[in-house]
>>> print(open('my_file.cif').read())   # mmCIF, C-alpha atoms, pLDDT in the B column; chains and numbers go by the auth columns
data_upload
loop_
_atom_site.group_PDB
_atom_site.id
_atom_site.type_symbol
_atom_site.label_atom_id
_atom_site.label_comp_id
_atom_site.label_asym_id
_atom_site.label_seq_id
_atom_site.Cartn_x
_atom_site.Cartn_y
_atom_site.Cartn_z
_atom_site.B_iso_or_equiv
_atom_site.auth_seq_id
_atom_site.auth_asym_id
ATOM 1 C CA MET A 1 64.193 82.627 -4.212 78.00 265 W
ATOM 2 C CA TYR A 2 60.903 81.650 -2.592 92.00 266 W
ATOM 3 C CA LEU A 3 59.745 78.366 -4.162 94.00 267 W
ATOM 4 C CA GLY A 4 56.354 78.505 -2.443 93.00 268 W
ATOM 5 C CA GLN A 5 55.174 81.144 -4.941 95.00 269 W
ATOM 6 C CA TYR A 6 55.276 78.496 -7.693 95.00 270 W
ATOM 7 C CA GLU A 7 53.118 75.935 -5.904 94.00 271 W
ATOM 8 C CA GLY A 8 50.034 75.119 -7.981 94.00 272 W
ATOM 9 C CA LYS A 9 51.363 76.831 -11.131 95.00 273 W
ATOM 10 C CA GLN A 10 52.596 75.404 -14.409 96.00 274 W
ATOM 11 C CA ILE A 11 56.351 75.951 -14.318 97.00 275 W
ATOM 12 C CA ARG A 12 59.570 75.238 -16.165 97.00 276 W
ATOM 13 C CA ILE A 13 62.614 74.715 -13.964 97.00 277 W
ATOM 14 C CA THR A 14 66.116 74.766 -15.379 98.00 278 W
ATOM 15 C CA LEU A 15 68.735 73.250 -13.115 98.00 279 W
ATOM 16 C CA LYS A 16 72.347 74.373 -12.904 98.00 280 W
ATOM 17 C CA ASN A 17 73.311 71.193 -14.781 97.00 281 W
ATOM 18 C CA GLU A 18 70.948 72.372 -17.596 97.00 282 W
ATOM 19 C CA LYS A 19 68.292 69.654 -17.095 97.00 283 W
ATOM 20 C CA ILE A 20 64.789 71.020 -17.594 97.00 284 W
ATOM 21 C CA PHE A 21 61.609 69.984 -15.786 97.00 285 W
ATOM 22 C CA GLU A 22 58.116 71.151 -16.745 96.00 286 W
ATOM 23 C CA GLY A 23 54.850 70.584 -14.954 95.00 287 W
ATOM 24 C CA LYS A 24 52.734 71.691 -12.071 95.00 288 W
ATOM 25 C CA GLY A 25 54.645 72.883 -9.025 95.00 289 W
ATOM 26 C CA GLU A 26 53.495 70.757 -6.103 93.00 290 W
ATOM 27 C CA TRP A 27 54.560 69.991 -2.571 91.00 291 W
ATOM 28 C CA TYR A 28 56.665 72.989 -1.655 95.00 292 W
ATOM 29 C CA THR A 29 58.760 72.176 1.420 94.00 293 W
ATOM 30 C CA GLN A 30 60.505 74.930 3.348 94.00 294 W
ATOM 31 C CA GLY A 31 64.129 74.427 4.254 93.00 295 W
ATOM 32 C CA ILE A 32 63.473 73.934 7.960 93.00 296 W
ATOM 33 C CA ASP A 33 61.450 70.789 7.136 93.00 297 W
ATOM 34 C CA ASN A 34 64.065 69.210 4.831 89.00 298 W
ATOM 35 C CA PRO A 35 67.027 67.189 6.176 87.00 299 W
ATOM 36 C CA ASP A 36 69.723 69.501 4.723 90.00 300 W
ATOM 37 C CA SER A 37 67.750 72.700 5.469 94.00 301 W
ATOM 38 C CA ILE A 38 67.279 73.403 1.747 96.00 302 W
ATOM 39 C CA ALA A 39 63.826 74.317 0.403 96.00 303 W
ATOM 40 C CA SER A 40 62.386 72.153 -2.378 97.00 304 W
ATOM 41 C CA ILE A 41 59.455 71.866 -4.753 96.00 305 W
ATOM 42 C CA CYS A 42 58.140 68.797 -6.540 97.00 306 W
ATOM 43 C CA VAL A 43 57.417 68.680 -10.251 96.00 307 W
ATOM 44 C CA GLY A 44 55.905 65.366 -11.238 92.00 308 W
ATOM 45 C CA ASP A 45 57.884 62.626 -9.512 94.00 309 W
ATOM 46 C CA TYR A 46 60.926 64.839 -8.907 96.00 310 W
ATOM 47 C CA GLU A 47 61.852 66.812 -5.824 96.00 311 W
ATOM 48 C CA LEU A 48 64.015 69.731 -6.905 96.00 312 W
ATOM 49 C CA TYR A 49 66.133 71.596 -4.354 96.00 313 W
ATOM 50 C CA GLU A 50 66.605 75.337 -4.316 96.00 314 W
ATOM 51 C CA ASN A 51 70.411 75.096 -4.461 96.00 315 W
ATOM 52 C CA GLU A 52 70.179 73.063 -7.731 97.00 316 W
ATOM 53 C CA ILE A 53 67.890 75.538 -9.523 97.00 317 W
ATOM 54 C CA ALA A 54 69.275 78.066 -12.007 98.00 318 W
ATOM 55 C CA ASN A 55 65.947 79.454 -13.275 97.00 319 W
ATOM 56 C CA ILE A 56 62.190 79.088 -12.809 97.00 320 W
ATOM 57 C CA GLU A 57 59.550 80.484 -15.112 96.00 321 W
ATOM 58 C CA VAL A 58 55.782 80.268 -15.039 96.00 322 W
ATOM 59 C CA ILE A 59 54.458 78.858 -18.310 94.00 323 W
ATOM 60 C CA PRO A 60 50.976 79.446 -19.689 86.00 324 W
ATOM 61 C CA ASP A 61 48.387 76.817 -18.885 70.00 325 W
ATOM 62 C CA CYS A 62 46.974 75.767 -22.267 64.00 326 W
ATOM 63 C CA THR A 63 43.616 74.738 -20.837 57.00 327 W
ATOM 64 C CA SER A 64 43.067 78.175 -19.267 52.00 328 W
ATOM 65 C CA ALA A 65 43.928 79.938 -22.499 50.00 329 W
ATOM 66 C CA MET A 66 41.508 77.716 -24.422 47.00 330 W
ATOM 67 C CA ALA A 67 38.690 78.368 -21.943 47.00 331 W
ATOM 68 C CA GLU A 68 39.201 82.127 -22.210 50.00 332 W
ATOM 69 C CA ALA A 69 39.108 81.914 -26.025 48.00 333 W
ATOM 70 C CA MET A 70 35.708 80.220 -25.994 52.00 334 W
#
>>> encode(input="my_file.cif", output="structure tokens")
Amino acid sequence: MYLGQYEGKQIRITLKNEKIFEGKGEWYTQGIDNPDSIASICVGDYELYENEIANIEVIPDCTSAMAEAM
């Protein structure tokens, strides 16, 4: 999975341990730049590693939907 495609988007990440994180995907780091060579993406104050992630989905941005409705 390429985590960089989620950078800047509103996302919901479900980890393999079933914890869920929602927010804007920020600070994608490719594996080569991480100590254990595992890519990661930050959501809020959390850095989530590719090998911990079970599922990622893009969620609608409520502010964009409201602007389009006006």
>>> closest_atom_pairs(input="my_file.cif", of="range 273-313 of chain W", to="range 320-325 of chain W", cutoff="12 Å", atoms="all atoms listed in the file", output="tab-separated table")
residue	atom	partner	partner_atom	distance
W:Lys273	CA	W:Val322	CA	6.8
W:Gln274	CA	W:Ile323	CA	5.5
W:Ile275	CA	W:Val322	CA	4.4
W:Arg276	CA	W:Glu321	CA	5.4
W:Ile277	CA	W:Ile320	CA	4.5
W:Thr278	CA	W:Ile320	CA	6.4
W:Leu279	CA	W:Ile320	CA	8.8
W:Lys280	CA	W:Ile320	CA	11.2
W:Ile284	CA	W:Ile320	CA	9.7
W:Phe285	CA	W:Ile320	CA	9.6
W:Glu286	CA	W:Ile323	CA	8.7
W:Gly287	CA	W:Ile323	CA	8.9
W:Lys288	CA	W:Asp325	CA	9.6
W:Gly289	CA	W:Val322	CA	9.6
W:Ile305	CA	W:Ile320	CA	11.2
W:Val307	CA	W:Ile320	CA	11.7
W:Leu312	CA	W:Ile320	CA	11.2
W:Tyr313	CA	W:Ile320	CA	12.0
>>> closest_residue(input="my_file.cif", among="W:Tyr292, W:Glu282, W:Ile302, W:Asp309", to="Leu267 in chain W", atoms="all atoms listed in the file")
W:Tyr292
>>> atom_distance(input="my_file.cif", atom1="CA of Ser301 in chain W", atom2="CA of Tyr270 in chain W")
19.0 Å
>>> residues_around(input="my_file.cif", residues="Gly268 in chain W", least_positions_apart="3", cutoff="12 Å", atoms="only C-alpha atoms", output="list in words")
Met265, Glu271, Gly272, Lys273, Gly289, Glu290, Trp291, Tyr292, Thr293, Gln294, Gly295, Ala303, Ser304, Ile305, Cys306, Glu314 and Ile320 of chain W
>>> write_last_selection(input="my_file.cif", atoms="C-alpha atoms", output="PDB file, in the coordinates of the input")
ATOM      1  CA  MET W 265      64.193  82.627  -4.212  1.00 78.00           C
ATOM      2  CA  GLU W 271      53.118  75.935  -5.904  1.00 94.00           C
ATOM      3  CA  GLY W 272      50.034  75.119  -7.981  1.00 94.00           C
ATOM      4  CA  LYS W 273      51.363  76.831 -11.131  1.00 95.00           C
ATOM      5  CA  GLY W 289      54.645  72.883  -9.025  1.00 95.00           C
ATOM      6  CA  GLU W 290      53.495  70.757  -6.103  1.00 93.00           C
ATOM      7  CA  TRP W 291      54.560  69.991  -2.571  1.00 91.00           C
ATOM      8  CA  TYR W 292      56.665  72.989  -1.655  1.00 95.00           C
ATOM      9  CA  THR W 293      58.760  72.176   1.420  1.00 94.00           C
ATOM     10  CA  GLN W 294      60.505  74.930   3.348  1.00 94.00           C
ATOM     11  CA  GLY W 295      64.129  74.427   4.254  1.00 93.00           C
ATOM     12  CA  ALA W 303      63.826  74.317   0.403  1.00 96.00           C
ATOM     13  CA  SER W 304      62.386  72.153  -2.378  1.00 97.00           C
ATOM     14  CA  ILE W 305      59.455  71.866  -4.753  1.00 96.00           C
ATOM     15  CA  CYS W 306      58.140  68.797  -6.540  1.00 97.00           C
ATOM     16  CA  GLU W 314      66.605  75.337  -4.316  1.00 96.00           C
ATOM     17  CA  ILE W 320      62.190  79.088 -12.809  1.00 97.00           C
TER      18      ILE W 320
END
>>> axis_aligned_box(input="my_file.cif", around="range 310-316 of chain W", padding_each_side="4 Å", output="AutoDock Vina command-line options")
--center_x 65.7 --center_y 70.1 --center_z -6.6 --size_x 17.5 --size_y 18.5 --size_z 12.6
>>> decode(input="my_file.cif", residues="range 283-333 of chain W", atoms="C-alpha atoms", output="JSON list (two decimals), in the first residue's frame")
[["chain", "number", "residue", "atom", "x", "y", "z"],
["W", 283, "LYS", "CA", -7.96, 0.83, 16.94],
["W", 284, "ILE", "CA", -9.35, 3.51, 14.65],
["W", 285, "PHE", "CA", -7.82, 6.90, 13.84],
["W", 286, "GLU", "CA", -9.59, 9.63, 11.87],
["W", 287, "GLY", "CA", -8.23, 12.92, 10.63],
["W", 288, "LYS", "CA", -6.13, 14.54, 7.99],
["W", 289, "GLY", "CA", -3.28, 12.41, 6.66],
["W", 290, "GLU", "CA", -0.09, 14.39, 7.19],
["W", 291, "TRP", "CA", 3.63, 13.82, 7.13],
["W", 292, "TYR", "CA", 3.98, 10.75, 4.96],
["W", 293, "THR", "CA", 7.44, 9.24, 5.45],
["W", 294, "GLN", "CA", 8.76, 6.63, 3.05],
["W", 295, "GLY", "CA", 10.31, 3.51, 4.50],
["W", 296, "ILE", "CA", 13.86, 4.43, 3.52],
["W", 297, "ASP", "CA", 13.66, 7.49, 5.82],
["W", 298, "ASN", "CA", 12.31, 5.61, 8.88],
["W", 299, "PRO", "CA", 14.60, 3.71, 11.29],
["W", 300, "ASP", "CA", 12.98, 0.28, 10.68],
["W", 301, "SER", "CA", 12.50, 0.89, 6.93],
["W", 302, "ILE", "CA", 8.70, 0.93, 7.32],
["W", 303, "ALA", "CA", 6.65, 3.71, 5.71],
["W", 304, "SER", "CA", 4.40, 5.78, 7.97],
["W", 305, "ILE", "CA", 1.78, 8.52, 7.93],
["W", 306, "CYS", "CA", 0.75, 10.86, 10.72],
["W", 307, "VAL", "CA", -2.85, 11.45, 11.74],
["W", 308, "GLY", "CA", -3.09, 14.09, 14.42],
["W", 309, "ASP", "CA", -0.38, 13.39, 16.99],
["W", 310, "TYR", "CA", 0.03, 9.75, 15.94],
["W", 311, "GLU", "CA", 2.54, 8.23, 13.56],
["W", 312, "LEU", "CA", 1.03, 5.07, 12.12],
["W", 313, "TYR", "CA", 3.25, 2.48, 10.43],
["W", 314, "GLU", "CA", 2.31, 0.60, 7.30],
["W", 315, "ASN", "CA", 2.81, -2.82, 8.92],
["W", 316, "GLU", "CA", 0.25, -1.93, 11.66],
["W", 317, "ILE", "CA", -2.49, -0.83, 9.23],
["W", 318, "ALA", "CA", -5.34, -3.17, 8.29],
["W", 319, "ASN", "CA", -7.44, -0.68, 6.28],
["W", 320, "ILE", "CA", -7.46, 2.93, 5.11],
["W", 321, "GLU", "CA", -10.44, 4.75, 3.67],
["W", 322, "VAL", "CA", -10.88, 8.31, 2.49],
["W", 323, "ILE", "CA", -13.78, 9.97, 4.29],
["W", 324, "PRO", "CA", -15.78, 12.90, 2.96],
["W", 325, "ASP", "CA", -14.68, 16.33, 4.09],
["W", 326, "CYS", "CA", -17.81, 17.93, 5.58],
["W", 327, "THR", "CA", -16.67, 21.47, 4.82],
["W", 328, "SER", "CA", -16.23, 20.69, 1.11],
["W", 329, "ALA", "CA", -19.65, 19.11, 0.89],
["W", 330, "MET", "CA", -21.22, 22.14, 2.59],
["W", 331, "ALA", "CA", -19.48, 24.56, 0.22],
["W", 332, "GLU", "CA", -20.71, 22.63, -2.81],
["W", 333, "ALA", "CA", -24.28, 22.67, -1.45]]
